[in-house]
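Structure file upload28.txt (compact mmCIF, C-alpha atoms and all ligand atoms) is printed below.
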# COMPACT_ATOMS: atom_id res chain seq x y z
CA MET A 1 103.26 107.51 59.82
CA ARG A 2 103.69 104.07 61.29
CA SER A 3 100.77 101.82 60.56
CA ASP A 4 101.07 99.82 63.79
CA LEU A 5 100.82 102.97 65.91
CA ALA A 6 97.98 104.26 63.78
CA ALA A 7 96.16 100.96 64.34
CA LEU A 8 96.73 101.25 68.07
CA ALA A 9 95.46 104.84 68.12
CA ALA A 10 92.36 103.71 66.26
CA LEU A 11 91.83 100.88 68.73
CA LEU A 12 92.16 103.21 71.72
CA SER A 13 89.77 105.66 70.14
CA ASP A 14 87.32 102.88 69.47
CA ARG A 15 87.53 101.23 72.91
CA ILE A 16 87.81 104.13 75.33
CA GLY A 17 87.31 107.23 73.21
CA LEU A 18 90.90 108.37 73.65
CA ALA A 19 91.78 110.82 70.91
CA VAL A 20 95.48 110.76 70.01
CA ASP A 21 96.78 113.29 67.51
CA GLU A 22 98.80 111.84 64.72
CA GLY A 23 101.75 113.89 65.90
CA LYS A 24 101.64 112.11 69.25
CA HIS A 25 101.82 108.54 68.01
CA GLN A 26 105.46 108.28 69.03
CA ALA A 27 104.46 109.23 72.55
CA ILE A 28 102.15 106.20 72.71
CA GLU A 29 105.08 103.99 71.99
CA MET A 30 107.08 105.49 74.84
CA ARG A 31 104.21 105.26 77.23
CA LEU A 32 103.63 101.59 76.46
CA GLN A 33 107.24 100.48 76.89
CA PRO A 34 106.71 99.19 80.45
CA THR A 35 103.55 97.33 79.38
CA VAL A 36 105.39 95.75 76.47
CA ALA A 37 108.25 94.70 78.73
CA ALA A 38 105.96 93.36 81.47
CA ALA A 39 104.08 91.26 78.92
CA GLY A 40 107.37 89.81 77.68
CA LEU A 41 106.81 91.14 74.18
CA PRO A 42 109.66 92.27 71.92
CA ASN A 43 108.15 95.60 70.88
CA VAL A 44 105.04 97.70 70.52
CA SER A 45 104.27 96.30 67.08
CA GLU A 46 103.85 92.89 68.62
CA LEU A 47 101.57 94.34 71.29
CA VAL A 48 99.44 95.96 68.62
CA HIS A 49 99.34 92.71 66.70
CA ARG A 50 98.09 90.82 69.76
CA LEU A 51 95.53 93.45 70.60
CA SER A 52 94.22 93.55 67.03
CA LYS A 53 93.76 89.78 67.02
CA GLY A 54 91.66 90.13 70.17
CA GLY A 55 91.24 87.35 72.68
CA ASP A 56 93.54 88.81 75.33
CA PRO A 57 91.35 91.05 77.48
CA ALA A 58 93.97 91.23 80.24
CA LEU A 59 96.51 92.69 77.82
CA LEU A 60 93.97 95.22 76.61
CA ASP A 61 93.23 96.18 80.22
CA ARG A 62 96.88 96.77 80.93
CA THR A 63 97.24 98.80 77.77
CA ILE A 64 94.29 100.94 78.81
CA ASP A 65 95.73 101.35 82.32
CA ALA A 66 98.96 102.60 80.78
CA MET A 67 97.30 105.00 78.36
CA VAL A 68 94.81 106.80 80.61
CA THR A 69 95.72 109.83 82.68
CA CYS A 70 94.70 109.23 86.28
CA GLU A 71 95.96 112.52 87.67
CA THR A 72 93.49 113.66 90.32
CA LEU A 73 93.29 115.13 93.79
CA PHE A 74 90.93 115.51 96.70
CA PHE A 75 88.34 118.28 96.34
CA ARG A 76 89.77 119.16 92.94
CA ASP A 77 88.87 122.71 91.86
CA ARG A 78 86.89 123.21 95.10
CA LYS A 79 84.13 125.18 93.41
CA PRO A 80 81.82 122.31 92.48
CA PHE A 81 82.14 120.90 95.99
CA GLU A 82 81.33 124.26 97.49
CA ALA A 83 78.34 124.60 95.21
CA LEU A 84 77.17 121.18 96.36
CA ARG A 85 77.59 122.05 100.01
CA ALA A 86 75.96 125.44 99.88
CA THR A 87 73.30 125.14 97.20
CA VAL A 88 72.77 121.79 95.51
CA LEU A 89 72.49 119.48 98.51
CA PRO A 90 70.12 121.76 100.46
CA ARG A 91 68.01 122.13 97.32
CA LEU A 92 67.89 118.40 96.70
CA ARG A 93 67.04 117.75 100.32
CA GLU A 94 64.03 119.93 99.81
CA ALA A 95 63.06 118.43 96.46
CA ARG A 96 63.55 114.81 97.57
CA ARG A 97 62.10 115.06 101.04
CA ALA A 98 59.41 112.50 100.25
CA GLU A 99 61.69 109.73 99.03
CA ARG A 100 64.69 110.79 101.16
CA ARG A 101 67.11 109.39 98.66
CA ILE A 102 69.89 110.98 96.60
CA ARG A 103 72.15 109.25 94.10
CA ILE A 104 75.53 110.60 93.04
CA TRP A 105 77.82 109.24 90.32
CA SER A 106 81.51 109.89 89.92
CA ALA A 107 81.78 108.73 86.32
CA ALA A 108 85.57 108.76 85.89
CA CYS A 109 86.73 108.32 89.45
CA ALA A 110 90.40 107.50 88.76
CA THR A 111 92.05 106.50 92.06
CA GLY A 112 89.06 107.52 94.16
CA GLN A 113 89.86 111.00 95.43
CA GLU A 114 86.74 112.44 93.82
CA PRO A 115 84.12 110.00 95.18
CA TYR A 116 85.77 110.01 98.60
CA SER A 117 85.66 113.81 98.60
CA LEU A 118 81.95 113.53 97.86
CA ALA A 119 81.55 111.02 100.69
CA MET A 120 83.35 113.38 103.07
CA LEU A 121 81.06 116.19 102.03
CA ILE A 122 77.98 114.08 102.72
CA ASP A 123 79.48 113.02 106.04
CA GLU A 124 79.88 116.68 106.96
CA GLN A 125 76.12 117.08 106.51
CA GLN A 126 75.20 113.84 108.23
CA ARG A 127 72.85 115.60 110.64
CA GLU A 128 70.84 117.02 107.77
CA PHE A 129 70.93 113.65 106.04
CA ALA A 130 69.82 111.61 109.06
CA GLY A 131 67.32 109.03 107.81
CA TRP A 132 68.33 109.55 104.17
CA ARG A 133 69.93 107.16 101.75
CA VAL A 134 72.72 108.90 99.90
CA GLU A 135 74.29 106.57 97.37
CA ILE A 136 77.64 107.28 95.79
CA VAL A 137 78.56 105.20 92.75
CA ALA A 138 82.08 105.55 91.36
CA SER A 139 83.37 104.05 88.16
CA ASP A 140 86.29 104.19 85.79
CA VAL A 141 87.41 102.35 82.68
CA SER A 142 90.81 101.55 84.14
CA ALA A 143 90.86 98.33 86.16
CA ALA A 144 94.00 99.45 87.98
CA ALA A 145 92.43 102.78 88.92
CA VAL A 146 89.28 101.15 90.25
CA ALA A 147 91.34 98.66 92.27
CA ALA A 148 93.38 101.48 93.79
CA ALA A 149 90.24 103.48 94.51
CA ARG A 150 88.65 100.55 96.27
CA GLU A 151 91.79 100.06 98.30
CA GLY A 152 91.68 103.69 99.42
CA ARG A 153 95.35 103.91 100.30
CA TYR A 154 97.08 107.22 99.59
CA SER A 155 100.64 108.45 99.85
CA GLN A 156 101.68 111.37 102.00
CA PHE A 157 101.93 113.41 98.82
CA GLU A 158 98.38 112.56 97.77
CA VAL A 159 96.79 113.39 101.11
CA GLN A 160 98.56 116.72 101.15
CA ARG A 161 96.92 117.84 97.95
CA GLY A 162 93.47 119.29 98.43
CA LEU A 163 92.59 117.49 101.62
CA PRO A 164 92.21 119.73 104.68
CA THR A 165 94.06 118.37 107.70
CA PRO A 166 90.93 118.12 109.88
CA LEU A 167 89.42 115.78 107.27
CA LEU A 168 92.63 113.79 107.10
CA LEU A 169 92.47 113.27 110.85
CA ARG A 170 88.79 112.44 110.75
CA HIS A 171 88.68 110.00 107.88
CA PHE A 172 92.11 108.40 107.50
CA GLN A 173 94.40 106.13 109.42
CA ARG A 174 98.13 105.77 109.15
CA ASP A 175 99.16 102.68 107.23
CA GLY A 176 102.94 102.43 107.18
CA GLU A 177 104.20 105.39 105.20
CA ALA A 178 100.79 105.90 103.67
CA TRP A 179 97.25 106.70 104.79
CA ARG A 180 94.18 104.57 104.45
CA ILE A 181 90.65 105.81 104.24
CA ASN A 182 88.40 104.61 107.08
CA ASP A 183 86.03 101.74 106.47
CA HIS A 184 82.83 103.68 107.02
CA LEU A 185 83.74 106.09 104.24
CA ARG A 186 84.93 103.34 101.95
CA ALA A 187 81.70 101.46 102.51
CA HIS A 188 79.77 104.53 101.44
CA VAL A 189 81.14 104.37 97.90
CA GLU A 190 80.17 101.63 95.50
CA PHE A 191 82.99 101.10 93.00
CA ARG A 192 82.50 99.59 89.59
CA ARG A 193 84.43 99.28 86.42
CA ALA A 194 82.62 101.01 83.58
CA ASN A 195 83.45 102.49 80.23
CA LEU A 196 81.62 105.69 79.32
CA ILE A 197 81.69 104.59 75.69
CA ASP A 198 79.37 101.73 76.57
CA GLU A 199 75.75 102.01 77.57
CA PHE A 200 75.41 103.04 81.22
CA GLY A 201 71.66 103.35 81.54
CA ARG A 202 71.56 100.28 83.78
CA PHE A 203 73.19 102.33 86.55
CA GLY A 204 69.85 104.00 87.05
CA ARG A 205 69.05 107.65 87.53
CA PHE A 206 71.25 110.12 89.33
CA ASP A 207 70.70 113.45 91.00
CA ILE A 208 74.32 114.53 90.66
CA VAL A 209 76.89 113.37 88.11
CA PHE A 210 80.55 114.27 88.30
CA CYS A 211 82.10 113.60 84.90
CA ARG A 212 85.25 115.61 85.21
CA ASN A 213 88.47 115.71 83.27
CA VAL A 214 87.67 112.75 81.08
CA LEU A 215 85.76 114.21 78.13
CA MET A 216 88.73 116.46 77.48
CA TYR A 217 90.64 113.43 76.19
CA MET A 218 87.97 112.64 73.63
CA ASP A 219 86.94 114.11 70.31
CA VAL A 220 83.83 116.24 69.97
CA GLU A 221 81.62 113.47 68.61
CA ARG A 222 82.34 111.29 71.63
CA ARG A 223 81.76 114.14 74.02
CA ARG A 224 78.45 114.91 72.40
CA ASP A 225 77.35 111.30 72.55
CA ILE A 226 78.33 110.86 76.19
CA LEU A 227 76.74 114.14 77.26
CA GLN A 228 73.56 113.16 75.51
CA ARG A 229 73.41 109.83 77.27
CA LEU A 230 74.31 111.50 80.58
CA SER A 231 71.32 113.78 80.17
CA ARG A 232 69.15 110.69 80.11
CA VAL A 233 70.42 109.32 83.42
CA LEU A 234 70.34 112.69 85.15
CA ALA A 235 67.17 113.71 86.98
CA ASP A 236 65.34 116.69 85.46
CA ASP A 237 66.44 118.86 88.35
CA GLY A 238 69.84 117.18 88.70
CA TYR A 239 73.31 118.65 88.33
CA LEU A 240 76.30 117.77 86.19
CA ALA A 241 79.85 118.74 87.09
CA LEU A 242 82.54 118.90 84.43
CA GLY A 243 86.23 119.70 84.79
CA ALA A 244 87.30 123.31 85.16
CA ALA A 245 88.53 123.38 81.56
CA GLU A 246 85.50 121.57 80.13
CA THR A 247 82.17 122.86 78.95
CA VAL A 248 78.96 121.83 77.24
CA VAL A 249 78.85 125.01 75.21
CA GLY A 250 78.90 124.27 71.52
CA ILE A 251 78.78 120.52 72.15
CA SER A 252 75.56 119.66 73.84
CA ASP A 253 72.07 121.09 73.61
CA GLU A 254 70.91 119.13 76.61
CA PHE A 255 72.72 121.14 79.27
CA GLU A 256 73.22 124.72 80.28
CA PRO A 257 75.39 126.28 82.98
CA ALA A 258 73.55 126.34 86.30
CA PRO A 259 73.10 130.04 86.96
CA ASP A 260 73.74 130.01 90.69
CA CYS A 261 76.33 127.23 90.90
CA ALA A 262 79.69 128.03 89.33
CA GLY A 263 81.07 125.08 87.42
CA LEU A 264 77.86 123.03 87.42
CA PHE A 265 75.41 122.35 84.63
CA ARG A 266 71.70 121.61 84.58
CA ARG A 267 69.48 120.00 82.04
CA LYS A 268 67.79 122.55 79.89
CA THR A 269 64.21 123.09 80.89
CA PRO A 270 61.45 122.80 78.29
CA ALA A 271 61.10 126.58 78.50
CA SER A 272 64.73 127.28 77.71
CA LEU A 273 64.64 124.68 74.92
CA ARG A 274 61.65 126.46 73.37
CA MET A 275 63.45 129.74 73.57
CA ALA A 276 66.49 128.27 71.85
CA ALA A 277 64.28 126.78 69.12
CA ASN A 278 62.59 130.13 68.49
CA SER A 279 65.76 132.17 68.33
CA MET B 1 101.19 141.79 99.36
CA THR B 2 100.53 138.74 101.49
CA GLN B 3 103.32 138.03 103.91
CA VAL B 4 104.48 134.61 105.02
CA LEU B 5 107.01 134.04 107.76
CA VAL B 6 109.04 130.84 107.57
CA VAL B 7 110.25 129.59 110.93
CA ASP B 8 112.65 126.67 110.86
CA ASP B 9 116.01 125.91 112.37
CA SER B 10 117.20 124.44 109.08
CA ALA B 11 118.61 127.02 106.70
CA ILE B 12 117.96 124.70 103.75
CA ILE B 13 114.29 124.28 104.57
CA ARG B 14 113.93 128.05 105.00
CA LYS B 15 115.54 128.61 101.64
CA ILE B 16 113.37 126.06 99.84
CA ALA B 17 110.19 127.31 101.46
CA ARG B 18 110.98 130.94 100.64
CA ARG B 19 111.77 130.15 97.06
CA ILE B 20 108.47 128.32 96.58
CA LEU B 21 106.50 131.03 98.34
CA GLU B 22 108.15 133.78 96.34
CA ASP B 23 107.38 131.90 93.14
CA LEU B 24 103.77 131.93 94.29
CA ARG B 25 104.08 135.72 94.71
CA PHE B 26 104.17 135.96 98.46
CA GLU B 27 106.38 138.28 100.39
CA THR B 28 108.50 136.22 102.75
CA ALA B 29 110.59 136.59 105.86
CA GLU B 30 112.39 133.97 107.90
CA ALA B 31 113.44 133.21 111.44
CA GLU B 32 115.54 130.36 112.76
CA ASP B 33 113.79 129.89 116.06
CA GLY B 34 110.61 130.76 117.90
CA ALA B 35 112.06 133.65 119.87
CA ARG B 36 113.32 135.40 116.77
CA ALA B 37 110.06 134.64 115.04
CA LEU B 38 108.21 136.49 117.80
CA ASP B 39 110.47 139.48 117.20
CA CYS B 40 109.60 139.37 113.51
CA CYS B 41 105.91 139.24 114.35
CA ALA B 42 106.22 142.19 116.71
CA ALA B 43 107.83 144.19 113.92
CA SER B 44 105.31 143.16 111.28
CA MET B 45 102.55 140.63 111.80
CA PRO B 46 102.53 138.19 108.84
CA ASP B 47 99.40 136.73 107.23
CA ALA B 48 100.67 133.19 107.61
CA ILE B 49 103.46 131.35 109.35
CA PHE B 50 105.13 128.16 108.20
CA LEU B 51 106.14 126.83 111.54
CA ASP B 52 108.57 124.05 112.29
CA TRP B 53 107.13 122.22 115.24
CA ASN B 54 110.30 120.79 116.75
CA MET B 55 112.64 123.69 117.18
CA PRO B 56 115.40 123.67 119.75
CA VAL B 57 114.97 127.07 121.41
CA MET B 58 111.20 127.41 121.59
CA ASP B 59 108.93 124.73 120.21
CA GLY B 60 105.75 125.19 118.22
CA TYR B 61 103.41 125.13 121.23
CA GLU B 62 105.30 127.69 123.17
CA PHE B 63 105.62 129.88 120.13
CA LEU B 64 101.91 129.72 119.41
CA ARG B 65 101.02 130.49 123.02
CA GLU B 66 103.21 133.58 123.00
CA LEU B 67 102.08 134.64 119.55
CA ARG B 68 98.41 134.54 120.43
CA LYS B 69 99.03 136.88 123.37
CA MET B 70 100.41 139.58 121.09
CA PRO B 71 98.21 142.36 119.74
CA ASP B 72 97.08 141.13 116.33
CA GLY B 73 98.56 137.73 117.23
CA ALA B 74 95.36 135.97 116.22
CA LYS B 75 95.79 137.08 112.64
CA PRO B 76 98.38 134.72 111.15
CA LYS B 77 97.24 131.37 109.81
CA ILE B 78 99.56 128.66 111.06
CA VAL B 79 100.83 125.89 108.83
CA PHE B 80 102.90 123.63 110.98
CA CYS B 81 105.69 121.68 109.37
CA THR B 82 107.10 118.45 110.61
CA THR B 83 109.15 115.50 109.46
CA GLU B 84 107.03 113.22 111.56
CA ASN B 85 103.88 111.65 110.41
CA ASP B 86 102.38 110.75 113.69
CA VAL B 87 98.62 111.15 113.90
CA ALA B 88 98.71 112.05 117.60
CA GLN B 89 101.24 114.80 117.00
CA ILE B 90 99.26 116.23 114.11
CA ALA B 91 96.09 116.17 116.16
CA ARG B 92 97.82 117.89 119.10
CA ALA B 93 99.18 120.65 116.91
CA MET B 94 95.80 121.22 115.27
CA HIS B 95 94.24 121.28 118.69
CA ALA B 96 96.82 123.81 119.86
CA GLY B 97 95.65 126.17 117.14
CA ALA B 98 97.46 125.27 113.93
CA ASP B 99 95.30 125.64 110.80
CA GLU B 100 97.03 123.15 108.57
CA TYR B 101 99.90 120.75 108.62
CA ILE B 102 102.49 119.97 106.03
CA MET B 103 105.07 117.26 106.02
CA LYS B 104 108.66 117.94 105.08
CA PRO B 105 110.03 117.70 102.49
CA PHE B 106 107.35 119.59 100.60
CA ASP B 107 107.12 120.83 97.07
CA ARG B 108 105.37 123.62 95.25
CA HIS B 109 102.14 121.68 94.66
CA ILE B 110 101.74 120.89 98.32
CA VAL B 111 102.57 124.39 99.48
CA GLN B 112 100.09 125.85 97.03
CA SER B 113 97.42 123.40 98.05
CA LYS B 114 97.92 124.21 101.75
CA LEU B 115 97.77 127.93 101.09
CA GLU B 116 94.50 127.39 99.26
CA GLU B 117 93.28 125.44 102.26
CA ILE B 118 93.86 128.37 104.58
CA GLY B 119 92.38 130.80 102.09
CA LEU B 120 95.50 132.66 100.97
CA VAL B 121 95.47 131.60 97.32
C1 LIG C 1 92.25 112.84 84.81
S1 LIG C 1 91.31 111.52 85.50
C2 LIG C 1 89.96 112.40 86.23
C3 LIG C 1 89.69 111.98 87.63
C4 LIG C 1 88.66 112.83 88.36
N1 LIG C 1 87.37 112.79 87.73
C5 LIG C 1 89.14 114.27 88.44
O1 LIG C 1 88.58 115.14 87.81
O2 LIG C 1 90.11 114.53 89.16
C6 LIG C 1 90.61 110.77 84.04
C7 LIG C 1 90.05 109.39 84.29
O3 LIG C 1 89.15 109.07 83.22
C8 LIG C 1 89.22 107.70 83.00
N2 LIG C 1 88.69 107.39 81.68
C9 LIG C 1 89.25 107.62 80.47
N3 LIG C 1 88.47 107.18 79.48
C10 LIG C 1 87.36 106.67 80.07
C11 LIG C 1 86.17 106.05 79.58
N4 LIG C 1 85.98 105.86 78.27
N5 LIG C 1 85.25 105.63 80.47
C12 LIG C 1 85.44 105.82 81.80
N6 LIG C 1 86.53 106.38 82.32
C13 LIG C 1 87.49 106.79 81.46
C14 LIG C 1 90.68 107.39 83.17
O4 LIG C 1 90.90 106.03 83.45
C15 LIG C 1 91.08 108.30 84.32
O5 LIG C 1 91.02 107.61 85.54

Would you write out, as structure tokens, the structure that this file holds?
Ligand SMILES: C[S@@+](CC[C@H](N)C(=O)[O-])C[C@H]1O[C@@H](n2cnc3c(N)ncnc32)[C@H](O)[C@@H]1O
Amino acid sequence: MRSDLAALAALLSDRIGLAVDEGKHQAIEMRLQPTVAAAGLPNVSELVHRLSKGGDPALLDRTIDAMVTCETLFFRDRKPFEALRATVLPRLREARRAERRIRIWSAACATGQEPYSLAMLIDEQQREFAGWRVEIVASDVSAAAVAAAREGRYSQFEVQRGLPTPLLLRHFQRDGEAWRINDHLRAHVEFRRANLIDEFGRFGRFDIVFCRNVLMYMDVERRRDILQRLSRVLADDGYLALGAAETVVGISDEFEPAPDCAGLFRRKTPASLRMAANS
Amino acid sequence: MTQVLVVDDSAIIRKIARRILEDLRFETAEAEDGARALDCCAASMPDAIFLDWNMPVMDGYEFLRELRKMPDGAKPKIVFCTTENDVAQIARAMHAGADEYIMKPFDRHIVQSKLEEIGLV
């Protein structure tokens, strides 16, 4: 085992919760080659040395950008979006009809496809939401991802994955070889840089949280901690969406699968908590 | 089995499209122009058609107009394929009755995603 790579793995685990198996340490080195070269450093050991000394936040940012997996697509997995359209949004419109306000958080938004999909979904129901304030907050730990998301510019390949053509025509404009999301949709999403490892209570309370395909890169302790803190920012009757391969089962006592919404989770009610305690 | 007809004047595109579709477990057929494609449809109406929009003999509009007149001609979902990326053209084709559009060259991910879009996957 190489101690420099082990130190780097420990640093990544500490800073962003990324769990790297010991067997995959060599892969980190490969993945960081371009970052090492761009920083004018001789090798990964030197990069690790600099990062361990601290004092170079830009270098740490670029290392994080290189290490995270930003793979995403519009309307990924479909199901949670369909559940929102058919069940969750109508239900919240009923439950929030006094304050007429709904807040949604895309907590690992990568290059923006997820929050923009949410914005398109809200746009589709704009008649029902007339007079409402629907806020969409999107955040990610990767500075590069957040910058790209804010920019809202997607390649032909990206817009062909998951995005129905009528929505492409409605919400995007050609921009050279690429496509750019229209301003009104971009203005609907508030982008921020945020690390789920850090405290996020200041973001306020949310009715819907999408935290998809990010916990899967973390170890169980991290997942448990983040899920627990998510339960505190989620409204009692709010909904949490995880990735298709992710679950709360066996990790978190705060959530349970929402019975009528495939792929979504709800906070456990006092009644179901009592039942669990008695059994 | 779900049937997809690939209509394109390029033999290479037909071959690539069929290979991807067959990998995705669709039954495929091909035609090199709109007139032959109508013959295929008369013989056996497919569930979806990958349609090149700019064919020499009969273009996408004409093909669609004729197709929709056939008994059962409303059945196939139309994915129109083009090398152009012109918003007006895409909008026209969608307006003319296409269900989805795909830009060439395409790969397996994109084909799969489009088939999901039209409800075949
Ligand atoms: C695979 S993408 C998921 C994107 C989108 N949610 C989806 O499901 O398609 C994972 C994202 O999680 C982000 N990420 C990783 N660790 C994070 C952390 N500690 N805090 C916030 N975001 C993180 C990465 O930067 C990356 O953009």

Legend entry - Nearby polymer residues, ligand LIG 1 (chain C), at most 9 Å, all atoms listed in the file, as a ChimeraX atom specification: /A:13,15-18,64-65,67-77,106-115,139-146,193-198,210-218,242-244

Tell me, counting only C-alpha atoms, for each residue of chain B within 9 Å of chain A, which pair of atoms is nearest and how far apart they are in Å to one decimal, in rows ordered by chain and increasing number, as a Markdown table.
| residue | atom | partner | partner_atom | distance |
| --- | --- | --- | --- | --- |
| B:Asn85 | CA | A:Glu177 | CA | 8.2 |
| B:Asp86 | CA | A:Arg174 | CA | 8.0 |
| B:Val87 | CA | A:Leu169 | CA | 7.2 |
| B:Ile90 | CA | A:Leu169 | CA | 8.1 |
| B:Ala91 | CA | A:Leu169 | CA | 7.1 |
| B:Met94 | CA | A:Pro166 | CA | 7.9 |
| B:Asp99 | CA | A:Thr165 | CA | 8.0 |
| B:Glu100 | CA | A:Thr165 | CA | 5.7 |
| B:Tyr101 | CA | A:Thr165 | CA | 6.4 |
| B:Ile102 | CA | A:Gln160 | CA | 7.1 |
| B:Met103 | CA | A:Gln156 | CA | 7.9 |
| B:Phe106 | CA | A:Phe157 | CA | 8.4 |
| B:His109 | CA | A:Arg161 | CA | 7.3 |
| B:Ile110 | CA | A:Arg161 | CA | 5.7 |
| B:Val111 | CA | A:Arg161 | CA | 8.8 |
| B:Gln112 | CA | A:Arg161 | CA | 8.7 |
| B:Ser113 | CA | A:Arg161 | CA | 5.6 |
| B:Lys114 | CA | A:Gly162 | CA | 7.4 |
| B:Glu116 | CA | A:Gly162 | CA | 8.2 |
| B:Glu117 | CA | A:Pro164 | CA | 6.3 |
| B:Ile118 | CA | A:Pro164 | CA | 8.8 |

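Here the selection is built from all atoms listed in the file, and the residues within 6 Å of (105.6, 131.2, 104.7) turn out to be Val4, Leu5, Val6, Ile49 and Phe50 of chain B.
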
Inset, instruction - For atom CA of B:Leu51 and atom CA of B:Arg92, determine how far apart the two atoms are, in Å to one decimal place. - result: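 Separating atom CA of B:Leu51 from atom CA of B:Arg92 is a distance of 14.4 Å.
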
Inset, instruction - Using only C-alpha atoms, find all polymer residues with an atom at most 9 Å away from the point (102.5, 99.1, 75.7); report them as a ChimeraX atom specification. - result: /A:28-39,43-44,47-48,62-64,66-67

Legend entry - Selection: 7 Å around B:Leu38, all atoms listed in the file, excl. self and same-chain fewer than 4 positions, as a PyMOL selection string: chain B and resi 34+42+67

Inset, instruction - Excluding A:Gly131 and any residue of its chain fewer than 5 positions from it, enumerate the residues within 10 Å of it, using only C-alpha atoms, and give them as a list in words. - result: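 The neighbour list is Arg100, Arg101 and Gln126 of chain A.
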
Inset, instruction - Would you mind listing what lies within 12 Å of stretch 87-96 of chain A as an MDAnalysis selection string, with all atoms listed in the file counted and same-chain residues fewer than 3 positions away left out? - result: chainID A and resid 79:84 99:104 118 121:122 124:126 128:134 206:209 235:241 258:262 264:266

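Coordinates place atom CA of A:Tyr154 at a distance of 28.6 Å from atom CA of A:Leu12.
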
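The space between atom CA of A:Phe200 and atom CA of A:Arg232 spans 9.9 Å.
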
Legend entry - Pick from B:Asp8, B:Asn54, B:Gln89, B:Ala48, whichever lies nearest to B:Lys77 using only C-alpha atoms: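 The shortest atom-to-atom distance to B:Lys77 comes from B:Ala48.
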
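Distances to A:Phe203 were evaluated for A:Asp175, A:Glu151, A:Glu135, A:Asp183 using all atoms listed in the file, and the minimum falls at A:Glu135.
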